[in-house]
file my_file28.tsv (TSV, C-alpha atoms and all ligand atoms)
chain	number	residue	atom	x	y	z
A	136	MET	CA	1.01	112.48	-37.69
A	137	GLY	CA	-2.30	113.90	-36.47
A	138	ILE	CA	-1.33	117.59	-36.44
A	139	GLU	CA	-2.33	120.28	-38.89
A	140	GLU	CA	0.44	121.68	-41.09
A	141	GLY	CA	2.22	124.63	-39.50
A	142	THR	CA	0.74	124.02	-36.02
A	143	PHE	CA	3.93	122.79	-34.38
A	144	VAL	CA	6.09	125.54	-35.93
A	145	LYS	CA	3.62	128.21	-34.83
A	146	LYS	CA	2.98	126.81	-31.36
A	147	TYR	CA	6.66	126.95	-30.42
A	148	ASP	CA	7.51	130.04	-32.54
A	149	LEU	CA	10.22	128.05	-34.31
A	150	LEU	CA	10.63	130.70	-37.02
A	151	GLY	CA	11.72	133.12	-34.29
A	152	CYS	CA	14.87	131.09	-33.66
A	153	ILE	CA	18.09	132.60	-35.00
A	154	GLN	CA	20.12	129.44	-34.31
A	155	CYS	CA	22.50	131.29	-31.99
A	156	GLY	CA	23.02	128.12	-29.92
A	157	ARG	CA	22.73	129.82	-26.53
A	158	CYS	CA	20.13	127.23	-25.49
A	159	THR	CA	22.42	124.28	-26.08
A	160	GLY	CA	25.40	126.23	-24.72
A	161	GLY	CA	23.59	126.61	-21.37
A	162	CYS	CA	21.92	123.22	-21.23
A	163	PRO	CA	23.31	121.34	-18.20
A	164	VAL	CA	22.57	117.84	-19.46
A	165	THR	CA	24.68	118.19	-22.63
A	166	VAL	CA	27.71	117.17	-20.54
A	167	ARG	CA	26.22	113.71	-20.00
A	168	THR	CA	23.68	113.08	-22.75
A	169	PRO	CA	23.46	113.57	-26.54
A	170	LEU	CA	20.67	116.17	-26.17
A	171	ASN	CA	21.16	119.20	-28.44
A	172	VAL	CA	18.04	121.32	-28.00
A	173	ARG	CA	19.05	123.90	-30.66
A	174	ARG	CA	19.16	121.10	-33.19
A	175	PHE	CA	15.65	119.98	-32.24
A	176	VAL	CA	14.34	123.54	-32.62
A	177	TYR	CA	15.87	123.63	-36.11
A	178	ASP	CA	14.87	120.13	-37.21
A	179	ALA	CA	11.27	120.57	-36.02
A	180	LEU	CA	10.80	123.29	-38.67
A	181	ASN	CA	10.31	120.35	-41.01
A	182	GLU	CA	7.06	119.02	-39.61
A	183	GLU	CA	7.27	115.96	-41.82
A	184	ILE	CA	10.01	114.54	-39.61
A	185	LEU	CA	8.37	115.21	-36.22
A	186	GLU	CA	7.53	111.53	-35.83
A	187	GLU	CA	11.17	110.63	-36.42
A	188	LEU	CA	12.34	113.31	-33.95
A	189	SER	CA	9.95	112.02	-31.30
A	190	ASP	CA	11.67	108.61	-31.53
A	191	LYS	CA	15.00	110.05	-30.40
A	192	PRO	CA	15.61	108.84	-26.83
A	193	GLU	CA	17.34	112.08	-25.80
A	194	ILE	CA	14.02	113.99	-25.78
A	195	TRP	CA	13.58	112.28	-22.38
A	196	ASP	CA	16.91	113.61	-21.07
A	197	CYS	CA	15.60	117.16	-20.69
A	198	THR	CA	14.88	118.04	-17.07
A	199	THR	CA	12.82	121.12	-18.08
A	200	CYS	CA	15.19	123.18	-15.93
A	201	ASN	CA	14.37	126.34	-17.96
A	202	THR	CA	18.00	127.38	-18.56
A	203	CYS	CA	17.51	127.36	-22.33
A	204	ALA	CA	14.46	129.63	-22.04
A	205	LEU	CA	16.29	132.02	-19.74
A	206	ARG	CA	19.16	132.25	-22.21
A	207	CYS	CA	17.22	132.50	-25.45
A	208	PRO	CA	17.57	136.05	-26.84
A	209	LYS	CA	14.38	135.65	-28.87
A	210	GLY	CA	12.13	134.65	-25.98
A	211	LEU	CA	11.58	131.04	-27.09
A	212	GLU	CA	11.11	128.16	-24.67
A	213	PRO	CA	13.17	125.53	-26.48
A	214	PHE	CA	12.43	122.72	-24.01
A	215	GLU	CA	8.72	123.01	-24.83
A	216	VAL	CA	9.58	121.58	-28.26
A	217	LEU	CA	10.85	118.47	-26.48
A	218	ILE	CA	7.66	118.26	-24.39
A	219	GLY	CA	5.67	118.59	-27.61
A	220	LEU	CA	7.58	115.63	-29.03
A	221	ARG	CA	7.03	113.65	-25.83
A	222	SER	CA	3.30	114.31	-26.22
A	223	MET	CA	3.37	112.50	-29.55
A	224	LYS	CA	4.81	109.42	-27.86
A	225	ALA	CA	2.40	109.68	-24.91
A	226	GLU	CA	-0.53	109.88	-27.33
A	227	GLU	CA	0.58	106.59	-28.90
A	228	GLY	CA	1.05	105.08	-25.41
A	229	ASN	CA	4.61	104.47	-26.49
A	230	ILE	CA	6.52	105.56	-23.36
A	231	GLU	CA	8.63	103.98	-20.62
A	232	PRO	CA	6.57	101.56	-18.47
A	233	THR	CA	7.62	103.45	-15.33
A	234	ALA	CA	6.28	106.71	-16.79
A	235	ARG	CA	3.12	104.98	-17.99
A	236	ASP	CA	2.49	103.55	-14.49
A	237	ALA	CA	3.01	106.99	-12.94
A	238	LEU	CA	0.54	108.57	-15.39
A	239	GLU	CA	-2.02	105.83	-14.78
A	240	SER	CA	-1.68	106.26	-11.04
A	241	MET	CA	-2.10	110.04	-11.36
A	242	PHE	CA	-5.47	109.46	-13.01
A	243	ASN	CA	-6.62	106.57	-10.80
A	244	ASN	CA	-5.24	107.61	-7.43
A	245	GLY	CA	-4.53	111.34	-7.80
A	246	ASN	CA	-0.80	110.75	-7.23
A	247	PRO	CA	2.03	109.31	-9.35
A	248	TRP	CA	3.28	106.88	-6.67
A	249	GLY	CA	0.61	104.16	-6.93
A	250	LYS	CA	-0.68	104.99	-3.42
A	251	PRO	CA	-4.33	104.97	-2.37
A	252	ALA	CA	-6.04	108.37	-2.22
A	253	ALA	CA	-7.64	107.35	1.09
A	254	LYS	CA	-4.18	107.34	2.70
A	255	ARG	CA	-3.20	110.79	1.44
A	256	CYS	CA	-3.57	112.39	4.87
A	257	ASP	CA	-1.98	109.65	7.01
A	258	TRP	CA	1.09	111.89	7.37
A	259	MET	CA	-0.96	114.26	9.56
A	260	GLU	CA	-1.17	111.84	12.51
A	261	GLY	CA	0.68	112.61	15.75
A	262	ILE	CA	2.60	115.77	14.83
A	263	GLU	CA	4.56	117.08	17.80
A	264	GLY	CA	2.65	119.86	19.57
A	265	VAL	CA	-0.29	119.75	17.15
A	266	GLU	CA	-3.57	118.39	18.44
A	267	LYS	CA	-5.32	118.16	15.07
A	268	VAL	CA	-4.37	119.36	11.62
A	269	ARG	CA	-7.14	121.57	10.30
A	270	ILE	CA	-8.92	120.23	7.23
A	271	LEU	CA	-11.32	122.72	5.69
A	272	GLU	CA	-15.00	122.02	5.15
A	273	GLU	CA	-16.66	123.23	1.98
A	274	GLY	CA	-17.23	127.02	2.14
A	275	GLU	CA	-15.01	127.39	5.20
A	276	LYS	CA	-12.81	130.49	5.53
A	277	ALA	CA	-9.05	130.59	6.01
A	278	ASP	CA	-6.23	132.94	5.09
A	279	VAL	CA	-4.08	130.21	3.62
A	280	LEU	CA	-5.01	127.00	1.81
A	281	VAL	CA	-2.05	124.59	1.84
A	282	HIS	CA	-1.43	122.12	-0.97
A	283	ILE	CA	0.94	119.28	-0.07
A	284	CYS	CA	2.80	117.64	-2.92
A	285	CYS	CA	2.11	113.93	-3.56
A	286	THR	CA	5.70	113.01	-2.69
A	287	ALA	CA	5.42	114.75	0.70
A	288	CYS	CA	2.17	112.89	1.44
A	289	TYR	CA	3.53	109.38	0.82
A	290	ASP	CA	7.33	109.21	0.74
A	291	PRO	CA	8.66	108.49	4.25
A	292	ARG	CA	11.77	110.57	3.56
A	293	ILE	CA	9.69	113.60	2.54
A	294	ILE	CA	6.77	113.34	4.99
A	295	PRO	CA	8.70	115.20	7.74
A	296	LEU	CA	8.71	118.29	5.49
A	297	ALA	CA	4.90	118.39	5.50
A	298	ARG	CA	4.80	117.79	9.24
A	299	ASN	CA	7.28	120.59	9.90
A	300	LEU	CA	5.28	122.96	7.71
A	301	VAL	CA	2.28	122.36	9.98
A	302	ARG	CA	4.42	123.02	13.06
A	303	VAL	CA	5.65	126.31	11.57
A	304	LEU	CA	2.13	127.43	10.62
A	305	GLU	CA	0.84	126.56	14.09
A	306	LYS	CA	3.68	128.34	15.81
A	307	ALA	CA	3.15	131.49	13.72
A	308	GLY	CA	-0.58	131.41	14.49
A	309	ILE	CA	-1.54	131.38	10.82
A	310	ASP	CA	-5.17	130.84	9.84
A	311	TYR	CA	-4.51	127.86	7.59
A	312	GLY	CA	-6.34	124.81	6.31
A	313	PHE	CA	-5.69	121.66	4.31
A	314	ILE	CA	-7.84	120.04	1.62
A	315	GLY	CA	-7.91	116.47	2.93
A	316	THR	CA	-7.98	113.21	0.98
A	317	GLU	CA	-9.60	114.92	-2.01
A	318	GLU	CA	-6.33	116.74	-2.65
A	319	LYS	CA	-4.73	115.63	-5.93
A	320	HIS	CA	-1.56	115.77	-7.98
A	321	CYS	CA	-0.99	119.24	-9.44
A	322	GLY	CA	-0.47	117.87	-12.96
A	323	SER	CA	3.01	119.31	-13.44
A	324	GLU	CA	4.69	115.96	-14.01
A	325	ALA	CA	1.80	114.77	-16.20
A	326	ARG	CA	2.47	117.70	-18.52
A	327	ARG	CA	6.25	117.14	-18.51
A	328	LEU	CA	5.73	113.50	-19.40
A	329	GLY	CA	3.73	114.63	-22.42
A	330	GLU	CA	0.18	114.02	-21.14
A	331	GLU	CA	-1.30	117.43	-21.87
A	332	GLY	CA	-4.88	116.08	-21.64
A	333	LEU	CA	-4.26	114.71	-18.16
A	334	PHE	CA	-2.73	118.03	-17.15
A	335	GLU	CA	-5.88	119.86	-18.32
A	336	TYR	CA	-7.98	117.44	-16.28
A	337	PHE	CA	-6.00	118.36	-13.13
A	338	ASP	CA	-6.29	122.06	-13.94
A	339	GLU	CA	-10.09	121.80	-14.06
A	340	GLU	CA	-10.45	119.39	-11.13
A	341	ASN	CA	-8.12	121.21	-8.76
A	342	SER	CA	-9.34	124.70	-9.64
A	343	GLU	CA	-12.89	123.59	-8.89
A	344	LEU	CA	-11.73	121.92	-5.67
A	345	PHE	CA	-9.87	125.05	-4.47
A	346	SER	CA	-12.88	127.24	-5.30
A	347	ARG	CA	-14.96	125.36	-2.70
A	348	PHE	CA	-13.09	127.11	0.10
A	349	ASP	CA	-13.18	130.77	1.08
A	350	VAL	CA	-9.41	131.34	1.17
A	351	LYS	CA	-7.13	134.27	0.33
A	352	ARG	CA	-3.96	132.49	-0.80
A	353	LEU	CA	-2.75	129.10	-1.90
A	354	VAL	CA	0.59	127.91	-0.50
A	355	THR	CA	2.50	124.91	-1.84
A	356	LEU	CA	5.26	122.77	-0.41
A	357	SER	CA	6.80	121.87	-3.76
A	358	PRO	CA	8.17	124.34	-6.33
A	359	HIS	CA	6.70	122.11	-9.06
A	360	CYS	CA	3.12	122.51	-7.76
A	361	PHE	CA	3.85	126.21	-7.17
A	362	ASN	CA	4.96	126.80	-10.75
A	363	THR	CA	2.06	124.89	-12.23
A	364	PHE	CA	-0.67	126.53	-10.15
A	365	LYS	CA	0.88	129.97	-10.61
A	366	ASN	CA	1.82	129.93	-14.28
A	367	GLU	CA	0.02	127.11	-16.06
A	368	TYR	CA	-3.48	126.75	-14.63
A	369	GLN	CA	-6.06	128.44	-16.81
A	370	ASN	CA	-8.90	128.11	-14.32
A	371	LEU	CA	-7.43	129.25	-11.01
A	372	ASN	CA	-8.12	132.64	-9.42
A	373	LEU	CA	-5.94	132.60	-6.31
A	374	PRO	CA	-2.56	134.15	-5.54
A	375	VAL	CA	-0.05	131.30	-5.22
A	376	LEU	CA	3.02	131.27	-2.96
A	377	HIS	CA	5.78	128.79	-2.33
A	378	TYR	CA	6.23	128.01	1.36
A	379	THR	CA	9.58	129.85	1.45
A	380	GLN	CA	7.80	133.06	0.44
A	381	LEU	CA	5.23	132.69	3.22
A	382	ILE	CA	7.83	131.85	5.87
A	383	ALA	CA	10.09	134.73	4.82
A	384	GLU	CA	7.05	137.00	5.27
A	385	LEU	CA	6.38	135.55	8.72
A	386	LEU	CA	9.98	136.04	9.82
A	387	GLU	CA	10.10	139.57	8.49
A	388	SER	CA	6.90	140.56	10.29
A	389	LYS	CA	8.17	138.84	13.48
A	390	ALA	CA	5.14	136.52	13.50
A	391	LEU	CA	7.65	133.68	13.66
A	392	ASP	CA	10.86	133.46	15.66
A	393	LEU	CA	13.57	130.84	15.55
A	394	PRO	CA	15.04	130.35	19.03
A	395	GLY	CA	17.20	127.34	18.18
A	396	GLU	CA	20.63	127.17	16.61
A	397	ILE	CA	22.29	125.07	13.91
A	398	ALA	CA	26.06	125.39	13.81
A	399	SER	CA	26.77	124.52	10.20
A	400	ARG	CA	28.25	125.82	6.97
A	401	VAL	CA	25.23	125.70	4.69
A	402	VAL	CA	25.07	126.07	0.94
A	403	TYR	CA	21.70	126.58	-0.72
A	404	HIS	CA	20.89	124.71	-3.91
A	405	ASP	CA	18.31	126.63	-5.99
A	406	PRO	CA	15.54	124.27	-7.17
A	407	CYS	CA	14.98	125.03	-10.88
A	408	TYR	CA	11.22	125.42	-10.52
A	409	LEU	CA	11.61	127.99	-7.76
A	410	GLY	CA	14.72	129.76	-9.06
A	411	LYS	CA	15.18	129.58	-12.80
A	412	LYS	CA	11.46	129.24	-13.50
A	413	ASN	CA	10.10	131.81	-11.04
A	414	LEU	CA	13.12	133.86	-9.97
A	415	VAL	CA	12.52	133.20	-6.26
A	416	PHE	CA	16.10	133.49	-5.07
A	417	ASP	CA	16.06	135.76	-2.01
A	418	GLU	CA	13.44	134.28	0.33
A	419	PRO	CA	15.11	130.87	0.90
A	420	ARG	CA	18.46	132.60	1.55
A	421	TYR	CA	16.78	135.07	3.90
A	422	ILE	CA	15.24	132.22	5.95
A	423	LEU	CA	18.58	130.43	6.20
A	424	GLY	CA	20.28	133.68	7.23
A	425	GLU	CA	17.77	134.03	10.09
A	426	ILE	CA	18.81	130.68	11.63
A	427	LYS	CA	21.36	131.25	14.38
A	428	GLY	CA	24.69	129.55	13.83
A	429	VAL	CA	24.23	129.14	10.06
A	430	GLU	CA	27.17	130.26	7.99
A	431	LEU	CA	25.92	130.68	4.43
A	432	ALA	CA	28.13	129.73	1.50
A	433	GLU	CA	27.22	130.22	-2.16
A	434	PHE	CA	27.75	127.88	-5.09
A	435	LEU	CA	29.64	129.40	-7.98
A	436	ARG	CA	26.77	128.18	-10.14
A	437	SER	CA	23.80	129.65	-8.30
A	438	LYS	CA	20.56	131.54	-8.93
A	439	GLU	CA	20.05	131.96	-12.73
A	440	ARG	CA	23.20	129.89	-13.31
A	441	SER	CA	22.31	127.17	-10.84
A	442	LEU	CA	23.04	123.57	-11.74
A	443	CYS	CA	19.98	121.35	-12.11
A	444	CYS	CA	19.73	118.20	-9.92
A	445	GLU	CA	17.91	116.29	-12.72
A	446	GLY	CA	14.87	115.49	-10.57
A	447	GLY	CA	12.34	117.53	-12.57
A	448	GLY	CA	10.70	117.16	-15.97
A	449	GLY	CA	9.28	113.73	-15.21
A	450	LYS	CA	12.81	112.39	-14.69
A	451	MET	CA	11.77	110.66	-11.45
A	452	TRP	CA	10.08	108.10	-13.75
A	453	VAL	CA	12.37	108.02	-16.78
A	454	GLU	CA	15.83	106.55	-16.40
A	455	SER	CA	18.56	108.33	-18.35
A	456	GLN	CA	20.42	106.17	-20.92
A	457	SER	CA	23.69	107.87	-20.00
A	458	LYS	CA	26.05	106.20	-17.56
A	459	ALA	CA	28.04	109.42	-17.01
A	460	PRO	CA	27.91	110.90	-13.46
A	461	ARG	CA	24.65	112.66	-12.73
A	462	LEU	CA	24.52	116.40	-12.20
A	463	ALA	CA	23.50	115.92	-8.55
A	464	GLU	CA	26.85	114.15	-8.05
A	465	THR	CA	28.66	117.19	-9.47
A	466	ARG	CA	26.58	119.33	-7.13
A	467	VAL	CA	27.65	117.47	-3.99
A	468	LEU	CA	31.31	117.65	-5.05
A	469	ASP	CA	30.90	121.41	-5.53
A	470	ALA	CA	29.44	121.61	-2.02
A	471	GLN	CA	32.34	119.58	-0.63
A	472	ALA	CA	34.83	121.96	-2.30
A	473	LEU	CA	33.08	124.84	-0.50
A	474	GLY	CA	33.56	123.10	2.84
A	475	ALA	CA	29.80	122.87	3.39
A	476	ASN	CA	28.33	120.49	5.99
A	477	THR	CA	24.77	121.03	4.82
A	478	ILE	CA	23.21	121.40	1.40
A	479	ALA	CA	19.90	123.17	1.92
A	480	VAL	CA	17.09	122.71	-0.60
A	481	ALA	CA	13.45	123.73	-0.87
A	482	CYS	CA	12.06	120.94	-3.04
A	483	PRO	CA	11.23	117.25	-2.45
A	484	PHE	CA	12.81	116.12	-5.75
A	485	CYS	CA	16.07	118.00	-5.05
A	486	LEU	CA	16.20	116.41	-1.61
A	487	LEU	CA	15.83	112.88	-3.01
A	488	THR	CA	18.27	113.27	-5.91
A	489	ILE	CA	20.96	115.04	-3.89
A	490	GLU	CA	20.67	112.58	-1.00
A	491	ASP	CA	21.13	109.77	-3.48
A	492	ALA	CA	24.20	111.52	-4.90
A	493	LEU	CA	25.70	111.88	-1.41
A	494	LYS	CA	25.39	108.10	-1.00
A	495	VAL	CA	26.89	107.40	-4.44
A	496	LYS	CA	29.85	109.63	-3.59
A	497	GLY	CA	30.20	108.19	-0.06
A	498	LEU	CA	29.79	111.65	1.45
A	499	GLU	CA	26.81	111.03	3.72
A	500	GLU	CA	29.01	111.08	6.85
A	501	GLU	CA	30.64	114.37	5.89
A	502	MET	CA	27.62	116.26	4.68
A	503	ARG	CA	23.84	116.17	4.78
A	504	VAL	CA	21.13	117.51	2.54
A	505	ALA	CA	18.13	119.02	4.28
A	506	ASP	CA	15.06	120.84	3.11
A	507	ILE	CA	14.65	124.28	4.71
A	508	LEU	CA	11.55	122.87	6.43
A	509	GLU	CA	13.70	120.26	8.14
A	510	LEU	CA	16.13	122.90	9.34
A	511	LEU	CA	13.24	125.01	10.60
A	512	GLY	CA	11.88	121.96	12.42
A	513	GLU	CA	15.14	121.90	14.40
A	514	VAL	CA	15.00	125.54	15.49
A	515	ILE	CA	11.36	126.48	16.11
A	601	LIG	S1	18.74	130.27	-27.79
A	601	LIG	FE1	16.74	130.68	-28.80
A	601	LIG	S2	17.30	131.73	-30.71
A	601	LIG	FE2	19.19	130.77	-29.93
A	601	LIG	S3	19.27	128.75	-30.95
A	601	LIG	FE3	18.23	128.44	-29.00
A	601	LIG	S4	16.03	128.66	-29.46
A	601	LIG	FE4	17.16	129.54	-31.18
A	602	LIG	S1	15.16	122.78	-20.05
A	602	LIG	FE1	17.23	122.50	-19.25
A	602	LIG	S2	17.72	120.34	-19.68
A	602	LIG	FE2	15.95	120.87	-20.97
A	602	LIG	S3	16.84	121.51	-22.92
A	602	LIG	FE3	16.54	123.37	-21.71
A	602	LIG	S4	18.51	123.70	-20.67
A	602	LIG	FE4	18.49	121.56	-21.43

call {"tool": "encode", "arguments": {"input": "my_file28.tsv", "output": "structure tokens"}}
result
Amino acid sequence: MGIEEGTFVKKYDLLGCIQCGRCTGGCPVTVRTPLNVRRFVYDALNEEILEELSDKPEIWDCTTCNTCALRCPKGLEPFEVLIGLRSMKAEEGNIEPTARDALESMFNNGNPWGKPAAKRCDWMEGIEGVEKVRILEEGEKADVLVHICCTACYDPRIIPLARNLVRVLEKAGIDYGFIGTEEKHCGSEARRLGEEGLFEYFDEENSELFSRFDVKRLVTLSPHCFNTFKNEYQNLNLPVLHYTQLIAELLESKALDLPGEIASRVVYHDPCYLGKKNLVFDEPRYILGEIKGVELAEFLRSKERSLCCEGGGGKMWVESQSKAPRLAETRVLDAQALGANTIAVACPFCLLTIEDALKVKGLEEEMRVADILELLGEVI
């Protein structure tokens, strides 16, 4: 098994569990998969069967949405047990080929999408009103260092988010800079797919990379990078913000104004890694409230109770066995019931999964999903 007796039980504080079942009771994927996280926490007390537990396909159904950790009265993080079991499979190289390819590409190319590192900054070309995106030289000073998520660098659907972020920063007159083609994956998805060693590599590499610049804050486009840099890196000494936090600050201080208007009933979907993981609930809503013409609606399941879209936890590369409707489909039906025309998000994965769900439900004519950066791009 390769682990010392008692290590797994201690690492995840399994003896602290009182088997109350609040984790499973709150777990959003139980409606469509056999995952019972409470049961895993209990069964893993017997370390002799860890191998057997790691063979259960439902360990890959967890989206790492953090609901179980928020609900646990004993302060456990039940989903971490599932990541620990995934690690055992990853160590053996016994994982889905799609996940294996993503992990290999993270190491070889610095991104999970199999794209060349040399093309990482192609998205910066020809941004409206921006002569040249500033890439920092070693030792150069800036107030804000911006990290762009791999998906926003390469996916044509997500690239406009990165471009709009530049437009916003330029308009607000922020002293910002980008890393350039040396920028790499944050490691969040490597860790969720069970590759702890690869995650540690990104922690060391990126922390060293960021330390080459004389910057005050690190700002991310994706909540996944934000969470990882802020809470999981052991070697980083920089305050980390999600872009919604920076833009809320700019609007509040009047450094940024939004002259345009969007006449739409908008409902905001909390990305798990921003909301349930980091309790950033107010800033995205504040930004939306500052856009003229926006009428804000609220999901019944929002903030700490928000429904996960199933895009996190490495799920972009692991297909669920279940054929039941995905949670993102439930989400778009909830939005339809609220009479919303726009579902606003602040995460590349949420944008992709919810857009897909709109197509599956045939609702793309009636409603759109847009990242807050896209909406800002229409009003600055
Ligand atoms: S919520 Fe916490 S204490 Fe309750 S069963 Fe789950 S892990 Fe155990
Ligand atoms: S993190 Fe979310 S999906 Fe995973 S076990 Fe916990 S509640 Fe369920």

call {"tool": "residues_near_ligand", "arguments": {"input": "my_file28.tsv", "ligand": "ligand LIG 601 (chain A)", "cutoff": "10 Å", "atoms": "only C-alpha atoms and all ligand atoms", "output": "PyMOL selection string"}}
result
chain A and resi 147-161+171-177+202-214+216

call {"tool": "closest_residue", "arguments": {"input": "my_file28.tsv", "among": "A:Gly308, A:Gly446, A:Pro232, A:Pro291", "to": "A:Arg461", "atoms": "all atoms listed in the file"}}
result
A:Gly446

call {"tool": "atom_distance", "arguments": {"input": "my_file28.tsv", "atom1": "atom CA of A:Pro295", "atom2": "atom CA of A:Glu513"}}
result
11.4 Å

call {"tool": "atom_distance", "arguments": {"input": "my_file28.tsv", "atom1": "atom CA of A:Arg327", "atom2": "atom FE2 of ligand LIG 602 (chain A)"}}
result
10.7 Å

call {"tool": "closest_residue", "arguments": {"input": "my_file28.tsv", "among": "A:Glu226, A:Glu305, A:Asp290, A:Asp236", "to": "A:Asp257", "atoms": "only C-alpha atoms"}}
result
A:Asp290

call {"tool": "residues_around", "arguments": {"input": "my_file28.tsv", "residues": "A:Gly264", "least_positions_apart": "6", "cutoff": "12 Å", "atoms": "only C-alpha atoms", "output": "list of chain:residue names"}}
result
A:Arg298, A:Asn299, A:Val301, A:Arg302, A:Val303, A:Leu304, A:Glu305, A:Lys306, A:Gly512, A:Ile515

call {"tool": "atom_distance", "arguments": {"input": "my_file28.tsv", "atom1": "atom CA of A:Leu217", "atom2": "atom CA of A:Cys284"}}
result
24.9 Å

call {"tool": "closest_residue", "arguments": {"input": "my_file28.tsv", "among": "A:Ala475, A:Leu180, A:Val164, A:Ile507", "to": "ligand LIG 602 (chain A)", "atoms": "only C-alpha atoms and all ligand atoms"}}
result
A:Val164

call {"tool": "residues_around", "arguments": {"input": "my_file28.tsv", "residues": "stretch 447-454 of chain A", "least_positions_apart": "3", "cutoff": "8 Å", "atoms": "all atoms listed in the file", "output": "number ranges by chain"}}
result
A: 195-200, 231, 233-234, 237, 324-325, 327-328, 444, 484

call {"tool": "residues_near_point", "arguments": {"input": "my_file28.tsv", "point": "(-5.7, 133.8, -8.5)", "cutoff": "10 Å", "atoms": "only C-alpha atoms", "output": "PyMOL selection string"}}
result
chain A and resi 342+351-353+364-365+368-375

call {"tool": "residues_near_point", "arguments": {"input": "my_file28.tsv", "point": "(-13.7, 130.2, 7.6)", "cutoff": "10 Å", "atoms": "only C-alpha atoms", "output": "list in words"}}
result
Leu271, Glu272, Glu273, Gly274, Glu275, Lys276, Ala277, Asp278, Asp310, Tyr311, Gly312, Phe348, Asp349 and Val350 of chain A

call {"tool": "closest_residue", "arguments": {"input": "my_file28.tsv", "among": "A:Glu490, A:Glu430, A:Asp178, A:Glu445", "to": "ligand LIG 602 (chain A)", "atoms": "all atoms listed in the file"}}
result
A:Glu445

call {"tool": "closest_residue", "arguments": {"input": "my_file28.tsv", "among": "A:Leu391, A:Leu376, A:Ala398, A:Cys443", "to": "ligand LIG 602 (chain A)", "atoms": "all atoms listed in the file"}}
result
A:Cys443

call {"tool": "residues_around", "arguments": {"input": "my_file28.tsv", "residues": "A:Gly410", "least_positions_apart": "6", "cutoff": "10 Å", "atoms": "only C-alpha atoms", "output": "list in words"}}
result
Cys200, Asn201, Pro358, His404, Phe416, Asp417, Ser437, Lys438, Glu439, Arg440 and Ser441 of chain A

call {"tool": "closest_residue", "arguments": {"input": "my_file28.tsv", "among": "A:Lys412, A:Arg503, A:Arg326, A:Arg436", "to": "ligand LIG 602 (chain A)", "atoms": "only C-alpha atoms and all ligand atoms"}}
result
A:Lys412

call {"tool": "axis_aligned_box", "arguments": {"input": "my_file28.tsv", "around": "stretch 432-438 of chain A", "padding_each_side": "4 Å", "output": "JSON"}}
result
{"center_x": 25.1, "center_y": 129.7, "center_z": -4.3, "size_x": 17.1, "size_y": 11.7, "size_z": 19.6}

call {"tool": "build_atoms", "arguments": {"input": "my_file28.tsv", "residues": "stretch 243-254 of chain A", "atoms": "N, CA and C atoms", "output": "mmCIF file, keeping the file's coordinate frame"}}
result
data_model
loop_
_atom_site.group_PDB
_atom_site.id
_atom_site.type_symbol
_atom_site.label_atom_id
_atom_site.label_comp_id
_atom_site.auth_asym_id
_atom_site.auth_seq_id
_atom_site.Cartn_x
_atom_site.Cartn_y
_atom_site.Cartn_z
ATOM 1 N N ASN A 243 -5.822 107.456 -11.664
ATOM 2 C CA ASN A 243 -6.620 106.570 -10.800
ATOM 3 C C ASN A 243 -6.581 106.941 -9.329
ATOM 4 N N ASN A 244 -5.403 107.374 -8.863
ATOM 5 C CA ASN A 244 -5.240 107.610 -7.430
ATOM 6 C C ASN A 244 -5.007 109.082 -7.070
ATOM 7 N N GLY A 245 -4.806 109.929 -8.089
ATOM 8 C CA GLY A 245 -4.530 111.340 -7.800
ATOM 9 C C GLY A 245 -3.100 111.581 -7.378
ATOM 10 N N ASN A 246 -2.231 110.567 -7.523
ATOM 11 C CA ASN A 246 -0.800 110.750 -7.230
ATOM 12 C C ASN A 246 -0.007 109.808 -8.130
ATOM 13 N N PRO A 247 1.270 110.158 -8.415
ATOM 14 C CA PRO A 247 2.030 109.310 -9.350
ATOM 15 C C PRO A 247 2.660 108.082 -8.703
ATOM 16 N N TRP A 248 2.512 107.911 -7.393
ATOM 17 C CA TRP A 248 3.280 106.880 -6.670
ATOM 18 C C TRP A 248 2.517 105.582 -6.458
ATOM 19 N N GLY A 249 1.364 105.418 -7.081
ATOM 20 C CA GLY A 249 0.610 104.160 -6.930
ATOM 21 C C GLY A 249 0.034 103.987 -5.540
ATOM 22 N N LYS A 250 -0.173 105.067 -4.806
ATOM 23 C CA LYS A 250 -0.680 104.990 -3.420
ATOM 24 C C LYS A 250 -2.170 105.305 -3.380
ATOM 25 N N PRO A 251 -2.896 104.710 -2.435
ATOM 26 C CA PRO A 251 -4.330 104.970 -2.370
ATOM 27 C C PRO A 251 -4.650 106.397 -1.915
ATOM 28 N N ALA A 252 -5.629 107.003 -2.577
ATOM 29 C CA ALA A 252 -6.040 108.370 -2.220
ATOM 30 C C ALA A 252 -6.493 108.436 -0.764
ATOM 31 N N ALA A 253 -7.114 107.354 -0.289
ATOM 32 C CA ALA A 253 -7.640 107.350 1.090
ATOM 33 C C ALA A 253 -6.536 107.523 2.128
ATOM 34 N N LYS A 254 -5.281 107.247 1.734
ATOM 35 C CA LYS A 254 -4.180 107.340 2.700
ATOM 36 C C LYS A 254 -3.403 108.654 2.557
#
